[in-house]
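Following: one structure in structure tokens, then a few remarks.
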Amino acid sequence: MDDNIQKLTLKREVGLMGAVSLIGGTMIGAGIFMTPQTVLYSIGSPGASLVVWASGGLLVMLASFCYAELGTVIRESGGEYIYILKTSGPVLAFMLIFSSVLFVRPAGVAGMALGFAQYVVAPFYPDCPPPVLLVKCVAAAAIIGLGIVNCLNVRLSMSVQVFFMVAKVLALAVIIIGGMVMLIKGHTDNFEDSFENTNMGINPIGIAFYQGLWSYDGWNNLNYVTEELKHPEVNLPRAIVIAISLVTGLYLLVNVSYLTVMTPKELMSSSAVAVTWGNKVLGSWGWIMSVAAALSAFGSLNGTFFSGGRVCFVAAREGHLPDILAMAHVRRLTPSPALIFTTVVSLLVLIPGDFQGIVNFFSFTAWFFYGITLSGLLYLKIKKPELPRPYRVPIILPILVLIAAIFLVLAPIIDNPQIEYLYVTLFILSGAIIYIPFIHYKLCPGLLTKLTVFLQLFLEVAPAEKNL
């Protein structure tokens, strides 16, 4: 083949601003507007809930430093999947991709879309909960719309991400300033004896952390798109520090503001905390908070979509998913088949969609794979110290985060065993059973090849090379 022929690769179009928006803009989603009441309900006291939010931010910061080292040693897109593939082997990596592509990612997308939809329709139903069917239709429309935007152009989806990131930070700033004004006026009643009634059991602490950490989800988003990041060795660690410190600070101040304006009882009984806050502080302008929360969830959904499509794409490139998903559009250079596939699976998950259940079981699987990824970093540090590392962390960091990951996986199961955890575990393990015939022995029917050729012509896509 002639060397002059240009190889098809995804372009490096994500700069530092885009990178910060991809992390921060995905982290600040519906979570901070929806989970403060469940954190407070689980842990029992305002003081302890603030400790949970601060500890969650710290844990995520430490974990992302470890990921920054992994991202500069293994410079491929794909996040946990590619790191597990390179350090723990293909079977574990396939188990991750199997559960991630069929369940975890789509559940995350569906959860965010439902969050977005609830806030969009809330102002039209002030006195009663909105019809479930309407909420799901709005959520489906959001997923399809973002699928189209992401298929069209990388720059367009990055512009969407930066715009929504700015809108969210402004919305959270309104909440913080409102809270500060109330504090200065002397509304400090909720902070007296703020650790009274704290639940000290393993299960309440674990569940409170799960709910809090769900609001921080997206901290590892940049590692999914390393090959599209300009100067990753500089921008990856930099974007992580800027985005996560910003988000943790905002989250703490927003929770202080919520607790200044509402009593713990009011906070726990609210279905949409930000809207309740808006009605109390902004009066007739309270609807602004609905809009802000909807924008926030939409931006987060876009970030999850952007990175989720890349995971499918990388796994297909490594031969763990059908070849068609490893192709990119010949002119637009976006991994459109992987994005279309993510859209379809997310819409299917949306049909049953129960929000709270999605969060708890999602966290359980996510932290299981984060733990495996971090043990991979320990393996690289001990066994392969000679690999070039533009950025390195002390060995104690991955050890601390690994201990936290083990606690987060085991705590709820030991303290309150539920049959669902067994189902999720069996679901992950079933990935290994599928791996042996279809991936290892390549028992792939000829029909799939014909389908690939048809879809390749229909979608105007071709196989894409690695961009290292």
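Letters A, B, ... go to the chains of the structure tokens in the order shown; residues in each chain start at 1; ligands are counted from 1 in the same order.
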Quick one: residues within 9 Å of Leu213 in chain A, only C-alpha atoms counted, chain neighbours fewer than 2 positions away excluded, as a PDB file with C-alpha atoms, in the first residue's frame?
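So part30.pdb came out as:
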```pdb
ATOM      1  CA  GLY A  31     -26.283  14.870  40.472  1.00  0.00           C
ATOM      2  CA  TRP A  53     -19.065  15.671  49.914  1.00  0.00           C
ATOM      3  CA  GLY A  56     -15.817  12.293  47.825  1.00  0.00           C
ATOM      4  CA  GLY A  57     -13.983  15.174  46.139  1.00  0.00           C
ATOM      5  CA  VAL A  60     -11.871  11.448  43.167  1.00  0.00           C
ATOM      6  CA  ALA A 208     -24.118   8.149  51.219  1.00  0.00           C
ATOM      7  CA  PHE A 209     -20.737   7.870  49.472  1.00  0.00           C
ATOM      8  CA  TYR A 210     -22.319   6.114  46.483  1.00  0.00           C
ATOM      9  CA  GLN A 211     -24.861   8.903  46.071  1.00  0.00           C
ATOM     10  CA  SER A 215     -22.403  13.492  41.437  1.00  0.00           C
ATOM     11  CA  TYR A 216     -18.630  13.320  40.879  1.00  0.00           C
ATOM     12  CA  ASP A 217     -18.983  10.732  38.125  1.00  0.00           C
ATOM     13  CA  SER A 363     -21.596   2.568  41.421  1.00  0.00           C
TER      14      SER A 363
END
```
Would you kindly return, as an mmCIF file with all heavy atoms, in the first residue's frame, each protein, DNA or RNA residue with an atom no farther than 9 Å from any atom of range 33-38 of chain A, considering only C-alpha atoms and excluding same-chain residues fewer than 6 positions away?
```cif
data_model
loop_
_atom_site.group_PDB
_atom_site.id
_atom_site.type_symbol
_atom_site.label_atom_id
_atom_site.label_comp_id
_atom_site.auth_asym_id
_atom_site.auth_seq_id
_atom_site.Cartn_x
_atom_site.Cartn_y
_atom_site.Cartn_z
ATOM 1 N N SER A 49 -22.959 15.207 56.222
ATOM 2 C CA SER A 49 -23.180 15.203 54.769
ATOM 3 C C SER A 49 -22.115 16.060 54.076
ATOM 4 O O SER A 49 -21.614 15.709 53.007
ATOM 5 C CB SER A 49 -24.588 15.686 54.414
ATOM 6 O OG SER A 49 -24.688 17.084 54.477
ATOM 7 N N GLY A 115 -32.914 12.715 34.437
ATOM 8 C CA GLY A 115 -32.702 13.897 35.282
ATOM 9 C C GLY A 115 -33.016 15.174 34.516
ATOM 10 O O GLY A 115 -33.729 16.062 34.994
ATOM 11 N N ILE A 207 -23.656 3.949 51.368
ATOM 12 C CA ILE A 207 -24.712 4.434 50.454
ATOM 13 C C ILE A 207 -24.596 5.952 50.260
ATOM 14 O O ILE A 207 -24.756 6.464 49.151
ATOM 15 C CB ILE A 207 -26.126 4.053 50.985
ATOM 16 C CG1 ILE A 207 -26.323 2.523 50.944
ATOM 17 C CG2 ILE A 207 -27.225 4.749 50.195
ATOM 18 C CD1 ILE A 207 -26.403 1.911 49.556
ATOM 19 N N ALA A 208 -24.295 6.689 51.342
ATOM 20 C CA ALA A 208 -24.118 8.149 51.219
ATOM 21 C C ALA A 208 -22.968 8.453 50.259
ATOM 22 O O ALA A 208 -23.071 9.348 49.411
ATOM 23 C CB ALA A 208 -23.846 8.765 52.592
ATOM 24 N N GLN A 211 -24.029 7.826 46.617
ATOM 25 C CA GLN A 211 -24.861 8.903 46.071
ATOM 26 C C GLN A 211 -24.017 10.149 45.811
ATOM 27 O O GLN A 211 -24.165 10.802 44.780
ATOM 28 C CB GLN A 211 -26.010 9.231 47.039
ATOM 29 C CG GLN A 211 -27.023 8.112 47.189
ATOM 30 C CD GLN A 211 -27.791 7.847 45.917
ATOM 31 O OE1 GLN A 211 -27.847 8.676 45.025
ATOM 32 N NE2 GLN A 211 -28.366 6.668 45.801
ATOM 33 N N GLY A 212 -23.114 10.467 46.753
ATOM 34 C CA GLY A 212 -22.244 11.633 46.573
ATOM 35 C C GLY A 212 -21.315 11.441 45.387
ATOM 36 O O GLY A 212 -21.149 12.328 44.547
ATOM 37 N N TRP A 214 -21.749 9.649 42.858
ATOM 38 C CA TRP A 214 -22.453 9.677 41.572
ATOM 39 C C TRP A 214 -22.437 11.095 41.005
ATOM 40 O O TRP A 214 -22.362 11.295 39.789
ATOM 41 C CB TRP A 214 -23.894 9.186 41.744
ATOM 42 C CG TRP A 214 -24.564 9.046 40.422
ATOM 43 C CD1 TRP A 214 -24.315 8.095 39.475
ATOM 44 C CD2 TRP A 214 -25.566 9.893 39.872
ATOM 45 N NE1 TRP A 214 -25.108 8.302 38.379
ATOM 46 C CE2 TRP A 214 -25.882 9.396 38.593
ATOM 47 C CE3 TRP A 214 -26.233 11.026 40.333
ATOM 48 C CZ2 TRP A 214 -26.836 9.987 37.765
ATOM 49 C CZ3 TRP A 214 -27.182 11.609 39.522
ATOM 50 C CH2 TRP A 214 -27.474 11.097 38.259
ATOM 51 N N SER A 215 -22.465 12.097 41.893
ATOM 52 C CA SER A 215 -22.403 13.492 41.437
ATOM 53 C C SER A 215 -21.008 13.845 40.935
ATOM 54 O O SER A 215 -20.835 14.841 40.242
ATOM 55 C CB SER A 215 -22.769 14.443 42.576
ATOM 56 O OG SER A 215 -24.086 14.208 42.961
ATOM 57 N N ASN A 255 -23.852 22.930 48.792
ATOM 58 C CA ASN A 255 -24.518 22.219 49.892
ATOM 59 C C ASN A 255 -24.694 23.096 51.125
ATOM 60 O O ASN A 255 -25.702 23.013 51.815
ATOM 61 C CB ASN A 255 -23.738 20.939 50.232
ATOM 62 C CG ASN A 255 -24.171 19.782 49.364
ATOM 63 O OD1 ASN A 255 -25.268 19.262 49.497
ATOM 64 N ND2 ASN A 255 -23.328 19.393 48.423
ATOM 65 N N TYR A 258 -27.672 25.206 50.304
ATOM 66 C CA TYR A 258 -28.929 24.451 50.464
ATOM 67 C C TYR A 258 -29.319 24.390 51.946
ATOM 68 O O TYR A 258 -30.472 24.585 52.315
ATOM 69 C CB TYR A 258 -28.766 23.008 49.971
ATOM 70 C CG TYR A 258 -28.726 22.821 48.463
ATOM 71 C CD1 TYR A 258 -28.123 21.683 47.911
ATOM 72 C CD2 TYR A 258 -29.309 23.744 47.593
ATOM 73 C CE1 TYR A 258 -28.092 21.481 46.529
ATOM 74 C CE2 TYR A 258 -29.281 23.547 46.222
ATOM 75 C CZ TYR A 258 -28.671 22.421 45.690
ATOM 76 O OH TYR A 258 -28.644 22.207 44.341
ATOM 77 N N PRO A 264 -32.993 20.519 57.321
ATOM 78 C CA PRO A 264 -32.712 19.164 56.825
ATOM 79 C C PRO A 264 -33.980 18.413 56.421
ATOM 80 O O PRO A 264 -33.987 17.680 55.433
ATOM 81 C CB PRO A 264 -32.023 18.491 58.017
ATOM 82 C CG PRO A 264 -31.367 19.609 58.750
ATOM 83 C CD PRO A 264 -32.275 20.805 58.575
ATOM 84 N N LEU A 267 -35.149 19.622 53.066
ATOM 85 C CA LEU A 267 -34.208 19.171 52.043
ATOM 86 C C LEU A 267 -34.480 17.709 51.680
ATOM 87 O O LEU A 267 -34.532 17.332 50.511
ATOM 88 C CB LEU A 267 -32.780 19.336 52.560
ATOM 89 C CG LEU A 267 -31.699 19.592 51.501
ATOM 90 C CD1 LEU A 267 -30.546 20.360 52.126
ATOM 91 C CD2 LEU A 267 -31.167 18.342 50.879
ATOM 92 N N MET A 268 -34.699 16.883 52.730
ATOM 93 C CA MET A 268 -34.895 15.445 52.480
ATOM 94 C C MET A 268 -36.217 15.150 51.777
ATOM 95 O O MET A 268 -36.322 14.177 51.047
ATOM 96 C CB MET A 268 -34.824 14.658 53.795
ATOM 97 C CG MET A 268 -33.407 14.511 54.307
ATOM 98 S SD MET A 268 -33.314 13.347 55.666
ATOM 99 C CE MET A 268 -33.247 14.403 57.069
ATOM 100 N N SER A 269 -37.231 16.008 51.989
ATOM 101 C CA SER A 269 -38.539 15.718 51.380
ATOM 102 C C SER A 269 -38.648 16.297 49.970
ATOM 103 O O SER A 269 -39.612 16.029 49.258
ATOM 104 C CB SER A 269 -39.660 16.277 52.252
ATOM 105 O OG SER A 269 -39.504 17.680 52.341
ATOM 106 N N SER A 270 -37.638 17.076 49.544
ATOM 107 C CA SER A 270 -37.707 17.704 48.213
ATOM 108 C C SER A 270 -37.289 16.701 47.138
ATOM 109 O O SER A 270 -36.336 15.958 47.311
ATOM 110 C CB SER A 270 -36.768 18.909 48.173
ATOM 111 O OG SER A 270 -36.521 19.267 46.843
ATOM 112 N N SER A 271 -38.025 16.697 46.002
ATOM 113 C CA SER A 271 -37.633 15.776 44.926
ATOM 114 C C SER A 271 -36.615 16.455 44.010
ATOM 115 O O SER A 271 -35.833 15.806 43.345
ATOM 116 C CB SER A 271 -38.853 15.347 44.119
ATOM 117 O OG SER A 271 -39.398 16.479 43.492
ATOM 118 N N ALA A 272 -36.650 17.786 43.965
ATOM 119 C CA ALA A 272 -35.665 18.540 43.167
ATOM 120 C C ALA A 272 -35.162 19.696 44.023
ATOM 121 O O ALA A 272 -35.788 20.751 44.091
ATOM 122 C CB ALA A 272 -36.322 19.039 41.898
ATOM 123 N N VAL A 273 -34.037 19.459 44.705
ATOM 124 C CA VAL A 273 -33.546 20.408 45.719
ATOM 125 C C VAL A 273 -33.375 21.816 45.171
ATOM 126 O O VAL A 273 -33.773 22.797 45.791
ATOM 127 C CB VAL A 273 -32.163 19.949 46.265
ATOM 128 C CG1 VAL A 273 -31.811 20.699 47.526
ATOM 129 C CG2 VAL A 273 -32.167 18.469 46.527
ATOM 130 N N ALA A 274 -32.772 21.921 43.970
ATOM 131 C CA ALA A 274 -32.458 23.243 43.433
ATOM 132 C C ALA A 274 -33.728 24.061 43.181
ATOM 133 O O ALA A 274 -33.747 25.268 43.398
ATOM 134 C CB ALA A 274 -31.667 23.097 42.134
ATOM 135 N N VAL A 275 -34.793 23.369 42.762
ATOM 136 C CA VAL A 275 -36.052 24.084 42.489
ATOM 137 C C VAL A 275 -36.674 24.573 43.793
ATOM 138 O O VAL A 275 -37.145 25.707 43.889
ATOM 139 C CB VAL A 275 -37.026 23.161 41.713
ATOM 140 C CG1 VAL A 275 -38.346 23.862 41.474
ATOM 141 C CG2 VAL A 275 -36.412 22.762 40.375
ATOM 142 N N ALA A 293 -30.835 23.504 36.129
ATOM 143 C CA ALA A 293 -30.630 22.072 36.369
ATOM 144 C C ALA A 293 -30.769 21.287 35.076
ATOM 145 O O ALA A 293 -30.019 20.334 34.820
ATOM 146 C CB ALA A 293 -31.637 21.571 37.405
ATOM 147 N N SER A 296 -27.720 21.793 33.030
ATOM 148 C CA SER A 296 -26.628 21.077 33.669
ATOM 149 C C SER A 296 -26.647 19.600 33.295
ATOM 150 O O SER A 296 -25.637 19.015 32.896
ATOM 151 C CB SER A 296 -26.775 21.240 35.181
ATOM 152 O OG SER A 296 -25.694 20.657 35.810
#
```
* **Residues within 10 Å of Pro46 in chain A, only C-alpha atoms, excluding chain neighbours under 2 positions, as a PyMOL selection string** => chain A and resi 39-41+43-44+48-52+190-198+255-256+259+263-264
Just the selected residues (C-alpha atoms), exported as a PDB file, in the first residue's frame, please.
```
ATOM      1  CA  VAL A  39     -26.787  11.863  50.942  1.00  0.00           C
ATOM      2  CA  LEU A  40     -28.336  13.722  53.892  1.00  0.00           C
ATOM      3  CA  TYR A  41     -31.023  11.049  54.347  1.00  0.00           C
ATOM      4  CA  ILE A  43     -25.910   9.907  56.706  1.00  0.00           C
ATOM      5  CA  GLY A  44     -28.468  11.647  58.949  1.00  0.00           C
ATOM      6  CA  ALA A  48     -21.648  14.644  58.230  1.00  0.00           C
ATOM      7  CA  SER A  49     -23.180  15.203  54.769  1.00  0.00           C
ATOM      8  CA  LEU A  50     -20.648  18.007  54.138  1.00  0.00           C
ATOM      9  CA  VAL A  51     -17.847  15.641  55.269  1.00  0.00           C
ATOM     10  CA  VAL A  52     -19.115  13.063  52.717  1.00  0.00           C
ATOM     11  CA  ASN A 190     -29.160  24.376  60.680  1.00  0.00           C
ATOM     12  CA  PHE A 191     -25.435  24.439  61.493  1.00  0.00           C
ATOM     13  CA  GLU A 192     -25.875  24.343  65.292  1.00  0.00           C
ATOM     14  CA  ASP A 193     -25.152  20.778  66.596  1.00  0.00           C
ATOM     15  CA  SER A 194     -24.612  19.890  62.948  1.00  0.00           C
ATOM     16  CA  PHE A 195     -23.352  16.341  63.696  1.00  0.00           C
ATOM     17  CA  GLU A 196     -26.383  15.347  65.780  1.00  0.00           C
ATOM     18  CA  ASN A 197     -28.198  12.139  64.619  1.00  0.00           C
ATOM     19  CA  THR A 198     -25.291  10.996  62.375  1.00  0.00           C
ATOM     20  CA  ASN A 255     -24.518  22.219  49.892  1.00  0.00           C
ATOM     21  CA  VAL A 256     -23.806  24.897  52.517  1.00  0.00           C
ATOM     22  CA  LEU A 259     -28.606  23.866  54.232  1.00  0.00           C
ATOM     23  CA  THR A 263     -34.054  22.736  57.121  1.00  0.00           C
ATOM     24  CA  PRO A 264     -32.712  19.164  56.825  1.00  0.00           C
TER      25      PRO A 264
END
```
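The closest residue to Asn235 in chain A, picked from A:Pro417, A:Gly71, A:Pro388, A:Gly371 and counting only C-alpha atoms, is A:Gly71.
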* Among range 173-344 of chain A, which residues carry a DSSP assignment of helix (DSSP H, G or I), reported as a ChimeraX atom specification? -> /A:173-184,189-191,202-215,221-228,232-261,264-269,273-281,283-285,287-317,323-326,336-344
* **Nearest-residue call for Ile244 in chain A, choices A:Ala140, A:Leu62, A:Leu459, A:Ala171, using only C-alpha atoms** => A:Leu62
* Asked: Using only C-alpha atoms, which of A:Leu457, A:Met61, A:Ile177, A:Leu426 sits nearest Ala239 in chain A?
  -> A:Met61
* To do: Name the residues in contact with Phe368 in chain A at a cut-off of 9 Å, using only C-alpha atoms, excluding same-chain residues fewer than 2 positions from it; report them as a VMD selection string.
  => chain A and resid 363 to 366 370 to 373 405 to 406 408 to 409
Just write the chosen residues, N, CA, C and O atoms, as a PDB file, in the first residue's frame.
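selection_17.pdb, written as the output of this step:
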```pdb
ATOM      1  N   SER A 363     -22.788   2.247  40.614  1.00  0.00           N
ATOM      2  CA  SER A 363     -21.596   2.568  41.421  1.00  0.00           C
ATOM      3  C   SER A 363     -20.862   1.303  41.818  1.00  0.00           C
ATOM      4  O   SER A 363     -19.639   1.248  41.823  1.00  0.00           O
ATOM      5  N   PHE A 364     -21.636   0.272  42.146  1.00  0.00           N
ATOM      6  CA  PHE A 364     -21.043  -0.993  42.586  1.00  0.00           C
ATOM      7  C   PHE A 364     -20.139  -1.569  41.479  1.00  0.00           C
ATOM      8  O   PHE A 364     -19.008  -1.946  41.726  1.00  0.00           O
ATOM      9  N   THR A 365     -20.637  -1.588  40.223  1.00  0.00           N
ATOM     10  CA  THR A 365     -19.808  -2.140  39.142  1.00  0.00           C
ATOM     11  C   THR A 365     -18.653  -1.200  38.810  1.00  0.00           C
ATOM     12  O   THR A 365     -17.544  -1.654  38.564  1.00  0.00           O
ATOM     13  N   ALA A 366     -18.918   0.107  38.796  1.00  0.00           N
ATOM     14  CA  ALA A 366     -17.873   1.066  38.406  1.00  0.00           C
ATOM     15  C   ALA A 366     -16.665   0.960  39.322  1.00  0.00           C
ATOM     16  O   ALA A 366     -15.528   0.850  38.859  1.00  0.00           O
ATOM     17  N   TYR A 370     -12.699   0.232  38.728  1.00  0.00           N
ATOM     18  CA  TYR A 370     -11.678   1.230  39.095  1.00  0.00           C
ATOM     19  C   TYR A 370     -10.589   0.554  39.924  1.00  0.00           C
ATOM     20  O   TYR A 370      -9.407   0.827  39.779  1.00  0.00           O
ATOM     21  N   GLY A 371     -11.023  -0.349  40.839  1.00  0.00           N
ATOM     22  CA  GLY A 371     -10.072  -1.081  41.685  1.00  0.00           C
ATOM     23  C   GLY A 371      -9.098  -1.904  40.851  1.00  0.00           C
ATOM     24  O   GLY A 371      -7.886  -1.889  41.086  1.00  0.00           O
ATOM     25  N   ILE A 372      -9.628  -2.619  39.851  1.00  0.00           N
ATOM     26  CA  ILE A 372      -8.758  -3.432  38.986  1.00  0.00           C
ATOM     27  C   ILE A 372      -7.783  -2.541  38.215  1.00  0.00           C
ATOM     28  O   ILE A 372      -6.600  -2.861  38.064  1.00  0.00           O
ATOM     29  N   THR A 373      -8.285  -1.382  37.742  1.00  0.00           N
ATOM     30  CA  THR A 373      -7.431  -0.452  36.996  1.00  0.00           C
ATOM     31  C   THR A 373      -6.271   0.037  37.864  1.00  0.00           C
ATOM     32  O   THR A 373      -5.118   0.100  37.413  1.00  0.00           O
ATOM     33  N   ALA A 405     -11.746   1.830  47.120  1.00  0.00           N
ATOM     34  CA  ALA A 405     -12.564   1.132  46.106  1.00  0.00           C
ATOM     35  C   ALA A 405     -13.073  -0.196  46.666  1.00  0.00           C
ATOM     36  O   ALA A 405     -14.238  -0.558  46.486  1.00  0.00           O
ATOM     37  N   ILE A 406     -12.191  -0.923  47.383  1.00  0.00           N
ATOM     38  CA  ILE A 406     -12.589  -2.210  47.974  1.00  0.00           C
ATOM     39  C   ILE A 406     -13.714  -1.985  48.995  1.00  0.00           C
ATOM     40  O   ILE A 406     -14.715  -2.699  49.015  1.00  0.00           O
ATOM     41  N   LEU A 408     -15.873   0.505  49.021  1.00  0.00           N
ATOM     42  CA  LEU A 408     -17.110   0.902  48.332  1.00  0.00           C
ATOM     43  C   LEU A 408     -17.807  -0.283  47.656  1.00  0.00           C
ATOM     44  O   LEU A 408     -19.021  -0.290  47.505  1.00  0.00           O
ATOM     45  N   VAL A 409     -17.009  -1.283  47.243  1.00  0.00           N
ATOM     46  CA  VAL A 409     -17.622  -2.452  46.606  1.00  0.00           C
ATOM     47  C   VAL A 409     -18.214  -3.388  47.669  1.00  0.00           C
ATOM     48  O   VAL A 409     -19.316  -3.895  47.518  1.00  0.00           O
TER      49      VAL A 409
END
```
